[in-house]
Amino acid sequence: MTLGHTPSQTVGPYYAIGLCRRTDNELVAPDAPGALELTGRLLDGQGEPVVDGMIEVWDAVGGRWGRSGTHPEGQYSFVVAKPEAEDGRAPRLDVFVFARGLLRHQLTRVYFPDEPEANAADPVLSVLGERERQTLVARQQGASLLFDITMQGDSATVFFAH
Amino acid sequence: MTDVDSPIVLPDDPSFGPEVQVDYPGYRSTRWRAPDHPLVTLPEDLHDPAGPVFGERTVGEHDHDLTVQHEGEPLGERIVVTGRLLDVDGRPLQGALVEVWQANAAGRYRHEVDQHPAPLDPNFAGAGRCLTDDDGRYRFITVKPGSYPWGNHENAWRPAHIHFSVFGPSFTQRLVTQMYFPGDPLFEFDPIFHSVRDPKARALLISRFDLATTTPQWALGYQWDIVLGRGGAGTTPFEEDHV
């Protein structure tokens with residue numbers, strides 16, 4: 001017999017007392033070779049910053065995980081390194097978005113802007129339309145990577161079923 | 001009272017199964033935050049890497065006991081909350097990180113945004129964590145959280161609950177949810193609880209009072225098993241309905 005799985009409920013506005021007691025946003029040390037800042041804003045369907053959200057990122061190839069709350073202006077930030085590319089796939093980070101008002105966390109991905117050939121051949125990116133694909137590729141801004149996550153509307157980020 | 005000030009509780013709908021309705025209209029904050037585009041289904045072989053593993057170093061000696069983290073004991077009804085972390089085939093999931101957070105016995109979170117005029121307790125931070133044991137079991141000692149008001153609609157109060165965050169073996173088995181207490185009179189008015197529209201699935205969010213877990217002269221016991229889905233691309237009932 002198969003058991004019914006436990007349903008999701010929102011992380012709520014006060015998750016930080018339980019989930020952000022320590023700093024967990026460095027997947028690699030800031031002085032590690034190849035360390036990059038990954039930052040961006042979490043935006044709602046009216047373009048307003050979500051100031052009580054939480055982002056988790058996972059580099060499945062490198063086994064590196066991190067978590068960041070969104071702060072005033074909806075800003076999150078991580079220190080990451082570009083993951084190794086798996087065979088035939090572009091390097092990427094898996095991303096979960098949590099927030100008050102989100103009854104279940106949402107799954108998206110960050111791809112890297114300096115990998116145009118790998119991105120064009122990636123089996124996930126390549127089946128998306130141009131607009132959708134662009135929502136998953138971070139932008140280079142100085143030494144940082146910028147990746148805004150938009151929940152709704154014409155510029156909504158692509159979210160994946162999970 | 002206008003419509004917008006009333007609790008909106010949609011009728012039960014078993015077709016949702018264990019899935020939550022992410023755009024549940026009664027929970028107003030979903031309006032601009034729930035995704036409004038269809039979710040994209042990833043190819044079957046590309047969607048579900050193994051997830052992060054957290055070792056013993058993640059967890060401190062007193063992290064599972066929310067009543068001993070300060071100089072004195074917190075006020076409130078001391079409780080033991082325990083259960084097993086399982087997959088849908090009933091297999092225990094070992095070494096999984098379980099994190100909890102909650103309001104104190106008066107219904108107040110130790111968080112700067114919480115302005116409910118109920119007292120903070122200097123002896124209660126309301127946060128814990130542990131790893132599941134070889135039998136998949138977690139165990140926390142805490143105090144029963146109070147109910148508290150929120151601004152969702154007129155005279156809105158949340159049923160007492162403890163927030164749970166769980167990591168499963170695969171990345172997409174991640175679960176964040178809330179555990180409730182049996183017989184709460186606020187269930188019928190709470191849109192977050194009712195966003196799980198299948199009453200059978202909703203019941204999976206409610207712990208069970210257990211006399212065997214109750215420790216004589218010391219603490220009431222509650223049992224609550226957590227079952228993680230298979231992970232992967234999944235299908236929502238919405239998609240199934242429209243096939």
# chains A, B, ... in the order shown; residues from 1 in each chain; ligands from 1
>>> interface_residues(of="chain A", to="chain B", cutoff="8 Å", atoms="only C-alpha atoms", output="short mmCIF file (atom, residue, chain, number, x, y, z; two decimals) with C-alpha atoms, in the first residue's frame")
data_model
loop_
_atom_site.label_atom_id
_atom_site.label_comp_id
_atom_site.auth_asym_id
_atom_site.auth_seq_id
_atom_site.Cartn_x
_atom_site.Cartn_y
_atom_site.Cartn_z
CA MET A 1 0.00 0.00 0.00
CA THR A 2 1.17 3.47 -0.81
CA LEU A 3 0.94 6.13 1.88
CA GLY A 4 -0.43 9.59 1.11
CA HIS A 5 2.33 12.15 1.39
CA THR A 6 2.13 14.96 3.90
CA PRO A 7 0.83 18.14 2.22
CA SER A 8 2.80 21.36 2.02
CA GLN A 9 1.95 24.50 3.99
CA THR A 10 3.45 27.96 3.70
CA VAL A 11 6.75 28.80 5.38
CA TYR A 14 8.50 34.12 10.69
CA TYR A 15 10.55 31.30 9.17
CA ALA A 16 13.79 33.13 9.96
CA ILE A 17 13.64 32.23 13.67
CA GLY A 18 13.90 28.58 12.70
CA LEU A 19 15.65 28.48 9.36
CA ASP A 44 5.63 39.52 -6.66
CA GLY A 45 3.01 39.87 -9.39
CA GLN A 46 2.81 43.63 -8.88
CA TRP A 58 21.68 23.43 -4.63
CA ALA A 60 23.86 18.82 -7.20
CA GLY A 63 27.16 18.75 -3.41
CA ARG A 64 26.97 22.37 -2.26
CA TRP A 65 23.87 23.85 -0.66
CA ARG A 100 4.58 33.82 3.03
CA GLY A 101 1.74 33.49 0.53
CA LEU A 102 3.41 30.55 -1.21
CA LEU A 103 1.59 27.47 -0.02
CA ARG A 104 4.21 25.27 -1.65
CA HIS A 105 7.80 26.11 -2.49
CA VAL A 124 15.87 21.79 -20.55
CA MET A 151 6.44 35.09 -9.37
CA GLN A 152 3.83 36.26 -11.89
CA GLY A 153 3.04 38.22 -15.03
CA ALA A 156 7.44 35.62 -14.69
CA VAL A 158 9.85 29.69 -15.29
CA PHE A 159 8.92 27.32 -12.47
CA PHE A 160 9.08 23.56 -12.81
CA ALA A 161 6.62 20.92 -11.64
CA HIS A 162 8.01 18.87 -8.77
#
>>> select_by_dssp(residues="region 94-143 of chain A", states="strand (DSSP E or B)", output="list in words")
Asp94, Val95, Phe96, Val97, Phe98, Ala99, Gln106, Leu107, Thr108, Arg109, Val110, Tyr111, Val137, Arg139, Gln140 and Gln141 of chain A
>>> write_last_selection(atoms="N, CA and C atoms", output="PDB file, in the first residue's frame")
ATOM      1  N   ASP A  94      20.121  24.461  -8.918  1.00  0.00           N
ATOM      2  CA  ASP A  94      18.689  24.272  -8.663  1.00  0.00           C
ATOM      3  C   ASP A  94      18.276  25.219  -7.542  1.00  0.00           C
ATOM      4  N   VAL A  95      17.082  25.772  -7.667  1.00  0.00           N
ATOM      5  CA  VAL A  95      16.642  26.833  -6.752  1.00  0.00           C
ATOM      6  C   VAL A  95      15.234  26.537  -6.253  1.00  0.00           C
ATOM      7  N   PHE A  96      15.044  26.638  -4.949  1.00  0.00           N
ATOM      8  CA  PHE A  96      13.700  26.612  -4.374  1.00  0.00           C
ATOM      9  C   PHE A  96      13.362  27.988  -3.817  1.00  0.00           C
ATOM     10  N   VAL A  97      12.118  28.402  -4.043  1.00  0.00           N
ATOM     11  CA  VAL A  97      11.623  29.690  -3.546  1.00  0.00           C
ATOM     12  C   VAL A  97      10.540  29.422  -2.503  1.00  0.00           C
ATOM     13  N   PHE A  98      10.694  30.025  -1.342  1.00  0.00           N
ATOM     14  CA  PHE A  98       9.711  29.903  -0.261  1.00  0.00           C
ATOM     15  C   PHE A  98       9.260  31.317   0.125  1.00  0.00           C
ATOM     16  N   ALA A  99       8.005  31.465   0.561  1.00  0.00           N
ATOM     17  CA  ALA A  99       7.570  32.781   1.053  1.00  0.00           C
ATOM     18  C   ALA A  99       6.221  32.654   1.754  1.00  0.00           C
ATOM     19  N   GLN A 106       8.495  26.706  -4.721  1.00  0.00           N
ATOM     20  CA  GLN A 106       8.548  26.602  -6.175  1.00  0.00           C
ATOM     21  C   GLN A 106       9.976  26.326  -6.630  1.00  0.00           C
ATOM     22  N   LEU A 107      10.072  25.560  -7.707  1.00  0.00           N
ATOM     23  CA  LEU A 107      11.361  25.094  -8.221  1.00  0.00           C
ATOM     24  C   LEU A 107      11.751  25.851  -9.484  1.00  0.00           C
ATOM     25  N   THR A 108      12.948  26.416  -9.490  1.00  0.00           N
ATOM     26  CA  THR A 108      13.463  27.003 -10.723  1.00  0.00           C
ATOM     27  C   THR A 108      14.963  26.680 -10.831  1.00  0.00           C
ATOM     28  N   ARG A 109      15.633  27.269 -11.811  1.00  0.00           N
ATOM     29  CA  ARG A 109      17.049  26.989 -12.051  1.00  0.00           C
ATOM     30  C   ARG A 109      17.772  28.266 -12.439  1.00  0.00           C
ATOM     31  N   VAL A 110      19.039  28.364 -12.090  1.00  0.00           N
ATOM     32  CA  VAL A 110      19.897  29.443 -12.586  1.00  0.00           C
ATOM     33  C   VAL A 110      20.940  28.849 -13.513  1.00  0.00           C
ATOM     34  N   TYR A 111      20.987  29.379 -14.729  1.00  0.00           N
ATOM     35  CA  TYR A 111      22.063  29.041 -15.673  1.00  0.00           C
ATOM     36  C   TYR A 111      23.025  30.225 -15.777  1.00  0.00           C
ATOM     37  N   VAL A 137      18.501  32.478 -17.139  1.00  0.00           N
ATOM     38  CA  VAL A 137      19.935  32.757 -17.300  1.00  0.00           C
ATOM     39  C   VAL A 137      20.272  34.017 -16.515  1.00  0.00           C
ATOM     40  N   ARG A 139      22.298  37.334 -15.269  1.00  0.00           N
ATOM     41  CA  ARG A 139      23.005  38.389 -16.009  1.00  0.00           C
ATOM     42  C   ARG A 139      24.285  38.745 -15.271  1.00  0.00           C
ATOM     43  N   GLN A 140      25.311  39.037 -16.057  1.00  0.00           N
ATOM     44  CA  GLN A 140      26.571  39.454 -15.458  1.00  0.00           C
ATOM     45  C   GLN A 140      26.463  40.923 -15.089  1.00  0.00           C
ATOM     46  N   GLN A 141      26.790  41.254 -13.840  1.00  0.00           N
ATOM     47  CA  GLN A 141      26.787  42.655 -13.437  1.00  0.00           C
ATOM     48  C   GLN A 141      28.070  42.892 -12.653  1.00  0.00           C
TER      49      GLN A 141
END
>>> closest_residue(among="A:Asp114, A:His71, A:Gly47, A:Asp24", to="Asp154 (chain A)", atoms="only C-alpha atoms")
A:Gly47
>>> atom_distance(atom1="CA of Asp31 (chain A)", atom2="CA of Ser77 (chain A)")
15.8 Å
>>> residues_around(residues="Ala120 (chain A)", least_positions_apart="3", cutoff="12 Å", atoms="only C-alpha atoms", output="list in words")
Gly88, Arg89, Ala90, Pro91, Tyr111, Phe112, Pro113, Asp114, Glu115, Pro116, Glu117, Pro123, Val124, Leu125, Ser126, Val127, Leu128, Gly129, Glu130, Arg133, Gln134 and Val137 of chain A
>>> residues_around(residues="Thr157 (chain A)", least_positions_apart="2", cutoff="6 Å", atoms="only C-alpha atoms", output="list in words")
Thr135, Ile149 and Thr150 of chain A
>>> select_by_dssp(residues="region 7-121 of chain B", states="helix (DSSP H, G or I)", output="VMD selection string")
chain B and resid 14 to 16 28 to 30 44 to 46 56 to 58
>>> residues_around(residues="region 133-143 of chain B", least_positions_apart="2", cutoff="6 Å", atoms="only C-alpha atoms", output="PyMOL selection string")
chain B and resi 64-67+76-85+92-95
>>> atom_distance(atom1="CA of Gly12 (chain A)", atom2="CA of Met54 (chain A)")
10.2 Å
>>> atom_distance(atom1="CA of Leu43 (chain A)", atom2="CA of Glu132 (chain A)")
16.4 Å
